[in-house]
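First the structure, in the form of structure tokens, and then the observations on it.
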Amino acid sequence: MLLRFLCIKVPHPDVLLYRKEHLVLWMWPFEAFVCCQAAKGRNPPSAPTLVAVKWASSLRRSAFIVDWHNFGYTLLGLSLGRSSRFVTVYRWFEKHYGKMANGSLCVTRAMQHELAQNWGIRATVLYDQPPVFFHPTSLEEKHKLFCRLNENLCHPIGVRDCVSTGSMEFGDETLFTSHIGNDFLLKQNRPALIVSSTSWTPDEDFGILLEAAVMYDSRVAAILNENDSTDEGVLWKEISNGKQLLYPRLLFIITGKGPEKEKYGEKIKYLTLKRVAFRTMWLSAEDYPLLLGSADLGVCLHTSSSGLDLPMKVVDMFGCGLAVCAVSYSCIQELVKVEKNGLLFSSSSELADELLMLFRGFPDECNALKSLRNGALETSSSARWDTEWEEHAKPLISEDVLPARLRFSISLLIAGYLSEFKINSGFIRPALV
């Protein structure tokens, strides 16, 4: 069925994109290559996909290029176990057909090394870059966004919390911003806004974030010599009346959908926290980039099934100038540069320590956070799709690499998976030639 679709049903493309996520898009003559991500399939279809695209490229006299975003067998191993015979066969299949490609791209140098050393495949590294609509958010955009989200922001998951108490519900004022005359202002006593997107699946341990939040709350109380008898209601009223403290309230907004969302929602509901609140949301394609650009910090809980891919969510955060605290694993430092655009953690205690360090003196005296934000802005401005594509991908389809008769008819297979996806993301690659 897939082979018939690729060879007969679809008009001859200049670039065929099949991303192993049940979504096919096309690029017409050398204008732009638009790629969207779709909901992650539970059973990776790489086995039929690799065969179908290889045969289709042969029948249509097109070149076959594989863009490795991950290894399918490692994702399959999450459910079946790495020792499963089916996983072993699956790996052989990926390797066998991957070696048939006319060219290969991959997303990290670690993956490039793995492909070269253990698969016999030479790949060119093409780092993911944020789409142009991921950019820092203006004050006016922030205010309008928080007005739209105000109902969600003001209603706690449980009975009440440090954010819902005293929240403003007027059109000229939000939890974070004020609109006075022609000016849009950030409130001095606003909570720090932390964003994390998750697929709510077992491979992203959301429990780490909950434990870090509890530790932040208790450690701040200890630093300020508060005891358990301190009335949180009095504290919240003082804050809503404008009192500023050495350590701010933290509001975590968690975006995404997935099977474990309700489970963790119940856990959040019964937490007793004085300075931390949680909200879970599913945002529109227009509002998600605005939220990233409005946040003070991003948290990434992604751990790679292969240890060789990078989280696209962090790329998007950097595009918005948002510094990131990310779970540490083997190749994450190819993206997150410690103490430049983010920090890494391996436990909930380390994450809690980082939150204390970054938000001490918020919003004006948190120099470490400001430094990381400047680094994130520098990261986002240093490279975009056009420069990455021209430098790394375009040479792969030049005369030096592929025969001239193939240059103008290329079937491009994205061989790999993203750890999760929201339809509200995408990216645009510039012209091929």
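Numbering starts fresh at 1 for the residues of each chain in the structure tokens, the chains themselves are lettered A, B, ... in the order given, and ligands are numbered from 1 as they appear.
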
Closest contacts (range 256-333 of chain A/range 76-99 of chain A, max 12 Å, only C-alpha atoms) as a Markdown table:
```
| residue | atom | partner | partner_atom | distance |
| --- | --- | --- | --- | --- |
| A:Thr303 | CA | A:Leu78 | CA | 11.7 |
| A:Ser304 | CA | A:Leu78 | CA | 10.6 |
| A:Ser305 | CA | A:Leu78 | CA | 7.2 |
| A:Ser306 | CA | A:Gly77 | CA | 9.7 |
```

task: Write out as JSON, numbers by chain which residues come within 7 Å of range 196-213 of chain A when counting only C-alpha atoms, dropping same-chain ones fewer than 5 positions away.
output: {"A": [253, 254, 255, 256, 257, 258, 259, 260, 261, 276, 298, 299, 300, 301, 302, 303, 347, 348, 349, 351, 352, 420]}

I need the residues from that last selection saved to file as a PDB file, in the first residue's frame (with C-alpha atoms), if you can.
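Dumped everything to result.pdb:
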```
ATOM      1  CA  ILE A 253       3.331  25.262  33.308  1.00  0.00           C
ATOM      2  CA  ILE A 254       3.480  21.744  31.874  1.00  0.00           C
ATOM      3  CA  THR A 255       2.358  21.388  28.264  1.00  0.00           C
ATOM      4  CA  GLY A 256       1.533  18.215  26.386  1.00  0.00           C
ATOM      5  CA  LYS A 257      -0.738  15.175  26.424  1.00  0.00           C
ATOM      6  CA  GLY A 258      -0.001  11.582  27.317  1.00  0.00           C
ATOM      7  CA  PRO A 259      -0.976   8.459  29.266  1.00  0.00           C
ATOM      8  CA  GLU A 260       0.476   9.473  32.643  1.00  0.00           C
ATOM      9  CA  LYS A 261      -0.976  12.990  32.819  1.00  0.00           C
ATOM     10  CA  VAL A 276       5.280  26.423  44.122  1.00  0.00           C
ATOM     11  CA  GLY A 298      12.674  25.851  30.570  1.00  0.00           C
ATOM     12  CA  VAL A 299      13.012  22.371  32.049  1.00  0.00           C
ATOM     13  CA  CYS A 300      13.627  19.335  29.831  1.00  0.00           C
ATOM     14  CA  LEU A 301      13.107  15.808  31.165  1.00  0.00           C
ATOM     15  CA  HIS A 302      13.922  14.084  27.859  1.00  0.00           C
ATOM     16  CA  THR A 303      16.187  11.060  27.977  1.00  0.00           C
ATOM     17  CA  SER A 347      18.666  14.089  40.172  1.00  0.00           C
ATOM     18  CA  SER A 348      15.809  16.034  41.715  1.00  0.00           C
ATOM     19  CA  SER A 349      18.172  17.401  44.370  1.00  0.00           C
ATOM     20  CA  LEU A 351      17.546  20.466  39.941  1.00  0.00           C
ATOM     21  CA  ALA A 352      16.324  21.984  43.232  1.00  0.00           C
ATOM     22  CA  GLU A 420       7.484  13.097  21.510  1.00  0.00           C
TER      23      GLU A 420
END
```

message: as a VMD selection string, please: the residues near Leu335 in chain A (cut-off 8 Å, only C-alpha atoms, same-chain neighbours under 3 positions excluded).
response: chain A and resid 310 315 332

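For the pair CA of Leu250 in chain A and CA of Ile194 in chain A, the interatomic distance is 7.1 Å.
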
task: Go through range 297-360 of chain A and collect every residue that DSSP, computed from the backbone, puts in strand (DSSP E or B); the answer should be as a count of residues only.
output: 13

- prompt: Could you pull the residues within 12 Å of Thr174 in chain A, counting only C-alpha atoms, minus those fewer than 4 positions along the same chain, as a VMD selection string?
  reply: chain A and resid 142 to 154 163 to 164 166 to 170 178 to 180 184 to 187 189 to 191 240

Once you have the residues from the selection above, write them out as a PDB file, in the first residue's frame, restricted to N, CA and C atoms.
```
ATOM      1  N   LYS A 142       3.226  39.170  25.516  1.00  0.00           N
ATOM      2  CA  LYS A 142       3.118  38.475  26.793  1.00  0.00           C
ATOM      3  C   LYS A 142       1.805  38.810  27.484  1.00  0.00           C
ATOM      4  N   HIS A 143       1.486  40.095  27.536  1.00  0.00           N
ATOM      5  CA  HIS A 143       0.268  40.524  28.219  1.00  0.00           C
ATOM      6  C   HIS A 143      -0.969  39.902  27.563  1.00  0.00           C
ATOM      7  N   LYS A 144      -1.029  39.935  26.256  1.00  0.00           N
ATOM      8  CA  LYS A 144      -2.184  39.382  25.549  1.00  0.00           C
ATOM      9  C   LYS A 144      -2.269  37.864  25.738  1.00  0.00           C
ATOM     10  N   LEU A 145      -1.113  37.195  25.762  1.00  0.00           N
ATOM     11  CA  LEU A 145      -1.104  35.756  26.003  1.00  0.00           C
ATOM     12  C   LEU A 145      -1.640  35.441  27.394  1.00  0.00           C
ATOM     13  N   PHE A 146      -1.146  36.155  28.418  1.00  0.00           N
ATOM     14  CA  PHE A 146      -1.582  35.875  29.778  1.00  0.00           C
ATOM     15  C   PHE A 146      -3.055  36.229  29.986  1.00  0.00           C
ATOM     16  N   CYS A 147      -3.552  37.194  29.223  1.00  0.00           N
ATOM     17  CA  CYS A 147      -4.993  37.482  29.272  1.00  0.00           C
ATOM     18  C   CYS A 147      -5.787  36.284  28.743  1.00  0.00           C
ATOM     19  N   ARG A 148      -5.290  35.681  27.664  1.00  0.00           N
ATOM     20  CA  ARG A 148      -5.986  34.517  27.108  1.00  0.00           C
ATOM     21  C   ARG A 148      -5.915  33.311  28.034  1.00  0.00           C
ATOM     22  N   LEU A 149      -4.792  33.192  28.749  1.00  0.00           N
ATOM     23  CA  LEU A 149      -4.589  32.035  29.625  1.00  0.00           C
ATOM     24  C   LEU A 149      -5.045  32.282  31.056  1.00  0.00           C
ATOM     25  N   ASN A 150      -5.599  33.466  31.309  1.00  0.00           N
ATOM     26  CA  ASN A 150      -5.864  33.879  32.679  1.00  0.00           C
ATOM     27  C   ASN A 150      -6.748  32.902  33.451  1.00  0.00           C
ATOM     28  N   GLU A 151      -7.766  32.378  32.791  1.00  0.00           N
ATOM     29  CA  GLU A 151      -8.672  31.451  33.478  1.00  0.00           C
ATOM     30  C   GLU A 151      -7.926  30.207  33.944  1.00  0.00           C
ATOM     31  N   ASN A 152      -7.050  29.663  33.086  1.00  0.00           N
ATOM     32  CA  ASN A 152      -6.261  28.492  33.477  1.00  0.00           C
ATOM     33  C   ASN A 152      -5.251  28.822  34.564  1.00  0.00           C
ATOM     34  N   LEU A 153      -4.661  30.015  34.492  1.00  0.00           N
ATOM     35  CA  LEU A 153      -3.639  30.397  35.456  1.00  0.00           C
ATOM     36  C   LEU A 153      -4.220  30.600  36.850  1.00  0.00           C
ATOM     37  N   CYS A 154      -5.435  31.084  36.914  1.00  0.00           N
ATOM     38  CA  CYS A 154      -6.024  31.430  38.206  1.00  0.00           C
ATOM     39  C   CYS A 154      -6.687  30.257  38.916  1.00  0.00           C
ATOM     40  N   VAL A 163      -0.451  30.828  43.702  1.00  0.00           N
ATOM     41  CA  VAL A 163      -0.745  31.617  42.508  1.00  0.00           C
ATOM     42  C   VAL A 163      -2.225  31.979  42.429  1.00  0.00           C
ATOM     43  N   SER A 164      -3.088  31.050  42.816  1.00  0.00           N
ATOM     44  CA  SER A 164      -4.526  31.305  42.711  1.00  0.00           C
ATOM     45  C   SER A 164      -5.007  32.314  43.741  1.00  0.00           C
ATOM     46  N   GLY A 166      -5.404  35.605  45.457  1.00  0.00           N
ATOM     47  CA  GLY A 166      -5.172  37.009  45.113  1.00  0.00           C
ATOM     48  C   GLY A 166      -4.919  37.261  43.654  1.00  0.00           C
ATOM     49  N   SER A 167      -5.169  36.260  42.763  1.00  0.00           N
ATOM     50  CA  SER A 167      -4.943  36.448  41.329  1.00  0.00           C
ATOM     51  C   SER A 167      -5.878  37.507  40.768  1.00  0.00           C
ATOM     52  N   MET A 168      -5.364  38.277  39.832  1.00  0.00           N
ATOM     53  CA  MET A 168      -6.154  39.327  39.198  1.00  0.00           C
ATOM     54  C   MET A 168      -6.850  38.768  37.971  1.00  0.00           C
ATOM     55  N   GLU A 169      -8.080  39.216  37.740  1.00  0.00           N
ATOM     56  CA  GLU A 169      -8.843  38.724  36.605  1.00  0.00           C
ATOM     57  C   GLU A 169      -9.385  39.874  35.772  1.00  0.00           C
ATOM     58  N   PHE A 170      -8.631  40.983  35.703  1.00  0.00           N
ATOM     59  CA  PHE A 170      -9.066  42.137  34.938  1.00  0.00           C
ATOM     60  C   PHE A 170      -8.326  42.198  33.616  1.00  0.00           C
ATOM     61  N   SER A 178       1.008  44.160  33.637  1.00  0.00           N
ATOM     62  CA  SER A 178       0.025  45.236  33.776  1.00  0.00           C
ATOM     63  C   SER A 178       0.015  46.063  32.496  1.00  0.00           C
ATOM     64  N   HIS A 179      -1.144  46.613  32.175  1.00  0.00           N
ATOM     65  CA  HIS A 179      -1.289  47.489  31.017  1.00  0.00           C
ATOM     66  C   HIS A 179      -1.748  48.850  31.531  1.00  0.00           C
ATOM     67  N   ILE A 180      -0.833  49.796  31.505  1.00  0.00           N
ATOM     68  CA  ILE A 180      -1.113  51.137  32.004  1.00  0.00           C
ATOM     69  C   ILE A 180      -0.929  52.128  30.874  1.00  0.00           C
ATOM     70  N   PHE A 184       3.125  48.443  28.590  1.00  0.00           N
ATOM     71  CA  PHE A 184       2.961  47.096  29.127  1.00  0.00           C
ATOM     72  C   PHE A 184       4.129  46.837  30.065  1.00  0.00           C
ATOM     73  N   LEU A 185       3.830  46.414  31.289  1.00  0.00           N
ATOM     74  CA  LEU A 185       4.854  46.267  32.312  1.00  0.00           C
ATOM     75  C   LEU A 185       4.804  44.881  32.938  1.00  0.00           C
ATOM     76  N   LEU A 186       5.983  44.400  33.335  1.00  0.00           N
ATOM     77  CA  LEU A 186       6.067  43.165  34.112  1.00  0.00           C
ATOM     78  C   LEU A 186       5.979  43.513  35.594  1.00  0.00           C
ATOM     79  N   LYS A 187       5.198  42.770  36.345  1.00  0.00           N
ATOM     80  CA  LYS A 187       5.054  43.011  37.767  1.00  0.00           C
ATOM     81  C   LYS A 187       6.313  42.603  38.523  1.00  0.00           C
ATOM     82  N   ASN A 189       6.432  41.652  41.674  1.00  0.00           N
ATOM     83  CA  ASN A 189       6.184  40.537  42.587  1.00  0.00           C
ATOM     84  C   ASN A 189       5.575  39.326  41.871  1.00  0.00           C
ATOM     85  N   ARG A 190       5.769  39.261  40.569  1.00  0.00           N
ATOM     86  CA  ARG A 190       5.231  38.131  39.799  1.00  0.00           C
ATOM     87  C   ARG A 190       5.968  36.842  40.162  1.00  0.00           C
ATOM     88  N   PRO A 191       5.316  35.713  39.990  1.00  0.00           N
ATOM     89  CA  PRO A 191       6.043  34.448  40.173  1.00  0.00           C
ATOM     90  C   PRO A 191       6.998  34.205  39.008  1.00  0.00           C
ATOM     91  N   SER A 240       0.605  38.894  47.390  1.00  0.00           N
ATOM     92  CA  SER A 240      -0.369  39.486  46.472  1.00  0.00           C
ATOM     93  C   SER A 240      -0.503  40.987  46.676  1.00  0.00           C
TER      94      SER A 240
END
```

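For the atom pair formed by CA of Ala116 in chain A and CA of Pro131 in chain A, the distance is 29.4 Å, given to one decimal.
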
- request: Pick out each residue of range 102-288 of chain A that DSSP on the backbone tags as helix (DSSP H, G or I); I need them as a ChimeraX atom specification.
  value: /A:109-119,139-148,150-154,207-223,232-240,261-269,287-288

Just to be explicit: take each residue in the selection above, keep C-alpha atoms, and write the result as a PDB file, in the first residue's frame.
```
ATOM      1  CA  ARG A 109      28.214  13.989  16.307  1.00  0.00           C
ATOM      2  CA  ALA A 110      27.717  11.092  18.712  1.00  0.00           C
ATOM      3  CA  MET A 111      25.261   9.520  16.279  1.00  0.00           C
ATOM      4  CA  GLN A 112      27.636  10.224  13.393  1.00  0.00           C
ATOM      5  CA  HIS A 113      30.356   8.312  15.256  1.00  0.00           C
ATOM      6  CA  GLU A 114      28.010   5.397  16.030  1.00  0.00           C
ATOM      7  CA  LEU A 115      26.906   5.145  12.388  1.00  0.00           C
ATOM      8  CA  ALA A 116      30.508   5.214  11.168  1.00  0.00           C
ATOM      9  CA  GLN A 117      31.989   2.814  13.699  1.00  0.00           C
ATOM     10  CA  ASN A 118      29.243   0.221  14.100  1.00  0.00           C
ATOM     11  CA  TRP A 119      26.996   0.571  11.060  1.00  0.00           C
ATOM     12  CA  LEU A 139       5.802  42.665  26.448  1.00  0.00           C
ATOM     13  CA  GLU A 140       2.587  43.351  24.560  1.00  0.00           C
ATOM     14  CA  GLU A 141       2.499  39.763  23.270  1.00  0.00           C
ATOM     15  CA  LYS A 142       3.118  38.475  26.793  1.00  0.00           C
ATOM     16  CA  HIS A 143       0.268  40.524  28.219  1.00  0.00           C
ATOM     17  CA  LYS A 144      -2.184  39.382  25.549  1.00  0.00           C
ATOM     18  CA  LEU A 145      -1.104  35.756  26.003  1.00  0.00           C
ATOM     19  CA  PHE A 146      -1.582  35.875  29.778  1.00  0.00           C
ATOM     20  CA  CYS A 147      -4.993  37.482  29.272  1.00  0.00           C
ATOM     21  CA  ARG A 148      -5.986  34.517  27.108  1.00  0.00           C
ATOM     22  CA  ASN A 150      -5.864  33.879  32.679  1.00  0.00           C
ATOM     23  CA  GLU A 151      -8.672  31.451  33.478  1.00  0.00           C
ATOM     24  CA  ASN A 152      -6.261  28.492  33.477  1.00  0.00           C
ATOM     25  CA  LEU A 153      -3.639  30.397  35.456  1.00  0.00           C
ATOM     26  CA  CYS A 154      -6.024  31.430  38.206  1.00  0.00           C
ATOM     27  CA  GLY A 207       8.598  12.599  39.270  1.00  0.00           C
ATOM     28  CA  ILE A 208      12.015  14.293  39.205  1.00  0.00           C
ATOM     29  CA  LEU A 209      10.352  17.661  38.655  1.00  0.00           C
ATOM     30  CA  LEU A 210       7.779  17.117  41.416  1.00  0.00           C
ATOM     31  CA  GLU A 211      10.476  16.118  43.901  1.00  0.00           C
ATOM     32  CA  ALA A 212      12.604  19.150  42.954  1.00  0.00           C
ATOM     33  CA  ALA A 213       9.610  21.436  43.506  1.00  0.00           C
ATOM     34  CA  VAL A 214       9.050  20.007  46.990  1.00  0.00           C
ATOM     35  CA  MET A 215      12.759  20.410  47.802  1.00  0.00           C
ATOM     36  CA  TYR A 216      12.786  24.031  46.564  1.00  0.00           C
ATOM     37  CA  ASP A 217       9.790  24.797  48.768  1.00  0.00           C
ATOM     38  CA  SER A 218      11.295  23.254  51.904  1.00  0.00           C
ATOM     39  CA  ARG A 219      14.799  24.632  51.340  1.00  0.00           C
ATOM     40  CA  VAL A 220      13.537  28.190  50.888  1.00  0.00           C
ATOM     41  CA  ALA A 221      11.562  27.854  54.120  1.00  0.00           C
ATOM     42  CA  ALA A 222      14.729  26.665  55.890  1.00  0.00           C
ATOM     43  CA  ILE A 223      16.828  29.505  54.468  1.00  0.00           C
ATOM     44  CA  GLU A 232       0.679  30.094  54.059  1.00  0.00           C
ATOM     45  CA  GLY A 233      -2.489  32.169  53.752  1.00  0.00           C
ATOM     46  CA  VAL A 234      -0.793  35.129  55.441  1.00  0.00           C
ATOM     47  CA  LEU A 235       2.294  34.671  53.234  1.00  0.00           C
ATOM     48  CA  TRP A 236       0.202  34.554  50.050  1.00  0.00           C
ATOM     49  CA  LYS A 237      -1.741  37.669  51.032  1.00  0.00           C
ATOM     50  CA  GLU A 238       1.478  39.585  51.698  1.00  0.00           C
ATOM     51  CA  ILE A 239       2.842  38.549  48.301  1.00  0.00           C
ATOM     52  CA  SER A 240      -0.369  39.486  46.472  1.00  0.00           C
ATOM     53  CA  LYS A 261      -0.976  12.990  32.819  1.00  0.00           C
ATOM     54  CA  GLU A 262      -3.855  12.032  35.127  1.00  0.00           C
ATOM     55  CA  LYS A 263      -1.568  10.025  37.391  1.00  0.00           C
ATOM     56  CA  TYR A 264       0.720  12.979  38.039  1.00  0.00           C
ATOM     57  CA  GLY A 265      -2.223  15.378  38.183  1.00  0.00           C
ATOM     58  CA  GLU A 266      -3.478  13.454  41.202  1.00  0.00           C
ATOM     59  CA  LYS A 267      -0.047  13.665  42.820  1.00  0.00           C
ATOM     60  CA  ILE A 268       0.114  17.429  42.257  1.00  0.00           C
ATOM     61  CA  LYS A 269      -3.368  17.860  43.735  1.00  0.00           C
ATOM     62  CA  ASP A 287       0.379  30.259  21.744  1.00  0.00           C
ATOM     63  CA  TYR A 288       3.056  27.626  22.420  1.00  0.00           C
TER      64      TYR A 288
END
```

Could you name the residues that touch range 135-138 of chain A at 7 Å or less, counting only C-alpha atoms, but leaving out those on the same chain fewer than 2 positions away, as an mmCIF file with all heavy atoms, in the first residue's frame?
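File written: result-v7.cif
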```cif
data_model
loop_
_atom_site.group_PDB
_atom_site.id
_atom_site.type_symbol
_atom_site.label_atom_id
_atom_site.label_comp_id
_atom_site.auth_asym_id
_atom_site.auth_seq_id
_atom_site.Cartn_x
_atom_site.Cartn_y
_atom_site.Cartn_z
ATOM 1 N N VAL A 132 11.304 29.844 12.428
ATOM 2 C CA VAL A 132 11.385 31.295 12.578
ATOM 3 C C VAL A 132 10.348 31.841 13.549
ATOM 4 O O VAL A 132 10.534 32.923 14.114
ATOM 5 C CB VAL A 132 11.234 31.993 11.210
ATOM 6 C CG1 VAL A 132 12.413 31.696 10.322
ATOM 7 C CG2 VAL A 132 9.921 31.579 10.526
ATOM 8 N N PHE A 133 9.245 31.110 13.764
ATOM 9 C CA PHE A 133 8.211 31.638 14.662
ATOM 10 C C PHE A 133 8.518 31.348 16.131
ATOM 11 O O PHE A 133 7.743 31.717 17.007
ATOM 12 C CB PHE A 133 6.818 31.114 14.291
ATOM 13 C CG PHE A 133 6.736 29.630 14.071
ATOM 14 C CD1 PHE A 133 6.606 28.760 15.131
ATOM 15 C CD2 PHE A 133 6.793 29.108 12.784
ATOM 16 C CE1 PHE A 133 6.527 27.389 14.933
ATOM 17 C CE2 PHE A 133 6.703 27.742 12.564
ATOM 18 C CZ PHE A 133 6.571 26.880 13.645
ATOM 19 N N GLU A 140 3.986 43.304 24.975
ATOM 20 C CA GLU A 140 2.587 43.351 24.560
ATOM 21 C C GLU A 140 2.070 41.951 24.249
ATOM 22 O O GLU A 140 0.946 41.584 24.638
ATOM 23 C CB GLU A 140 2.431 44.250 23.336
ATOM 24 C CG GLU A 140 0.985 44.376 22.866
ATOM 25 C CD GLU A 140 0.811 45.349 21.710
ATOM 26 O OE1 GLU A 140 1.830 45.948 21.288
ATOM 27 O OE2 GLU A 140 -0.328 45.514 21.238
ATOM 28 N N GLU A 141 2.892 41.141 23.568
ATOM 29 C CA GLU A 141 2.499 39.763 23.270
ATOM 30 C C GLU A 141 2.343 38.950 24.551
ATOM 31 O O GLU A 141 1.414 38.135 24.681
ATOM 32 C CB GLU A 141 3.535 39.103 22.356
ATOM 33 C CG GLU A 141 3.542 39.629 20.936
ATOM 34 C CD GLU A 141 4.676 39.054 20.104
ATOM 35 O OE1 GLU A 141 5.781 38.862 20.662
ATOM 36 O OE2 GLU A 141 4.466 38.800 18.912
ATOM 37 N N LYS A 142 3.226 39.170 25.516
ATOM 38 C CA LYS A 142 3.118 38.475 26.793
ATOM 39 C C LYS A 142 1.805 38.810 27.484
ATOM 40 O O LYS A 142 1.088 37.928 27.980
ATOM 41 C CB LYS A 142 4.295 38.844 27.707
ATOM 42 C CG LYS A 142 5.638 38.294 27.269
ATOM 43 C CD LYS A 142 6.742 38.728 28.234
ATOM 44 C CE LYS A 142 8.095 38.224 27.758
ATOM 45 N NZ LYS A 142 9.189 38.639 28.674
ATOM 46 N N LEU A 290 4.754 31.556 21.963
ATOM 47 C CA LEU A 290 4.634 32.759 22.785
ATOM 48 C C LEU A 290 4.873 32.436 24.259
ATOM 49 O O LEU A 290 5.485 33.230 24.983
ATOM 50 C CB LEU A 290 3.254 33.383 22.607
ATOM 51 C CG LEU A 290 2.934 33.965 21.218
ATOM 52 C CD1 LEU A 290 1.494 34.447 21.168
ATOM 53 C CD2 LEU A 290 3.895 35.103 20.880
ATOM 54 N N GLY A 293 8.553 32.067 24.844
ATOM 55 C CA GLY A 293 9.190 33.374 24.843
ATOM 56 C C GLY A 293 8.837 34.225 26.041
ATOM 57 O O GLY A 293 9.493 35.231 26.304
ATOM 58 N N SER A 294 7.795 33.824 26.787
ATOM 59 C CA SER A 294 7.369 34.576 27.969
ATOM 60 C C SER A 294 7.909 33.989 29.267
ATOM 61 O O SER A 294 7.792 34.617 30.323
ATOM 62 C CB SER A 294 5.836 34.599 28.047
ATOM 63 O OG SER A 294 5.269 35.157 26.880
ATOM 64 N N GLY A 319 15.391 28.965 20.629
ATOM 65 C CA GLY A 319 14.907 29.886 19.609
ATOM 66 C C GLY A 319 14.173 31.067 20.210
ATOM 67 O O GLY A 319 14.180 32.171 19.648
ATOM 68 N N CYS A 320 13.538 30.848 21.370
ATOM 69 C CA CYS A 320 12.807 31.911 22.067
ATOM 70 C C CYS A 320 13.687 32.636 23.088
ATOM 71 O O CYS A 320 13.183 33.472 23.852
ATOM 72 C CB CYS A 320 11.583 31.329 22.759
ATOM 73 S SG CYS A 320 10.344 30.661 21.631
ATOM 74 N N GLY A 321 14.970 32.314 23.119
ATOM 75 C CA GLY A 321 15.864 32.946 24.077
ATOM 76 C C GLY A 321 15.657 32.458 25.494
ATOM 77 O O GLY A 321 15.924 33.186 26.456
#
```

Return as JSON lines the residues of range 183-270 of chain A lying at most 9 Å from range 357-361 of chain A, together with the closest atom-to-atom pair for each and the distance in Å to one decimal, counting only C-alpha atoms, with rows in chain order and ascending residue number.
```
{"residue": "A:Ala192", "atom": "CA", "partner": "A:Phe359", "partner_atom": "CA", "distance": 7.7}
{"residue": "A:Leu245", "atom": "CA", "partner": "A:Gly361", "partner_atom": "CA", "distance": 7.8}
{"residue": "A:Leu246", "atom": "CA", "partner": "A:Gly361", "partner_atom": "CA", "distance": 5.1}
{"residue": "A:Tyr247", "atom": "CA", "partner": "A:Arg360", "partner_atom": "CA", "distance": 5.2}
{"residue": "A:Pro248", "atom": "CA", "partner": "A:Phe359", "partner_atom": "CA", "distance": 7.0}
```

What would the file look like if the residues just selected were written as an mmCIF file, in the first residue's frame with C-alpha atoms?
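So the final result, stored in out_10.cif, reads:
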```cif
data_model
loop_
_atom_site.group_PDB
_atom_site.id
_atom_site.type_symbol
_atom_site.label_atom_id
_atom_site.label_comp_id
_atom_site.auth_asym_id
_atom_site.auth_seq_id
_atom_site.Cartn_x
_atom_site.Cartn_y
_atom_site.Cartn_z
ATOM 1 C CA ALA A 192 8.907 32.995 38.138
ATOM 2 C CA LEU A 245 10.994 38.010 48.983
ATOM 3 C CA LEU A 246 14.532 36.766 48.372
ATOM 4 C CA TYR A 247 13.176 33.678 46.594
ATOM 5 C CA PRO A 248 10.090 33.980 44.375
#
```

Using only C-alpha atoms, what table do you get, as a Markdown table, when you list each residue of range 306-346 of chain A with an atom no more than 8 Å from range 370-389 of chain A, its nearest pair of atoms, and their distance in Å rounded to one decimal, rows by chain then rising number?
```
| residue | atom | partner | partner_atom | distance |
| --- | --- | --- | --- | --- |
| A:Phe318 | CA | A:Ala376 | CA | 5.2 |
| A:Gly319 | CA | A:Ser380 | CA | 4.8 |
| A:Cys320 | CA | A:Leu377 | CA | 7.3 |
| A:Gly321 | CA | A:Leu377 | CA | 4.3 |
| A:Leu322 | CA | A:Arg373 | CA | 5.8 |
| A:Ala323 | CA | A:Arg373 | CA | 4.9 |
| A:Glu339 | CA | A:Leu372 | CA | 6.5 |
| A:Lys340 | CA | A:Gly375 | CA | 5.2 |
| A:Asn341 | CA | A:Gly375 | CA | 4.4 |
| A:Gly342 | CA | A:Leu372 | CA | 5.8 |
```

query: By how many Å are CA of Thr108 in chain A and CA of Ala285 in chain A apart?
result: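 Taking CA of Thr108 in chain A as the start and CA of Ala285 in chain A as the end point, the length is 27.0 Å.
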
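Minimum distance to Met312 in chain A across A:Ser58, A:Gln244, A:Gln333, A:Gln129 (counting only C-alpha atoms) occurs at A:Gln129.
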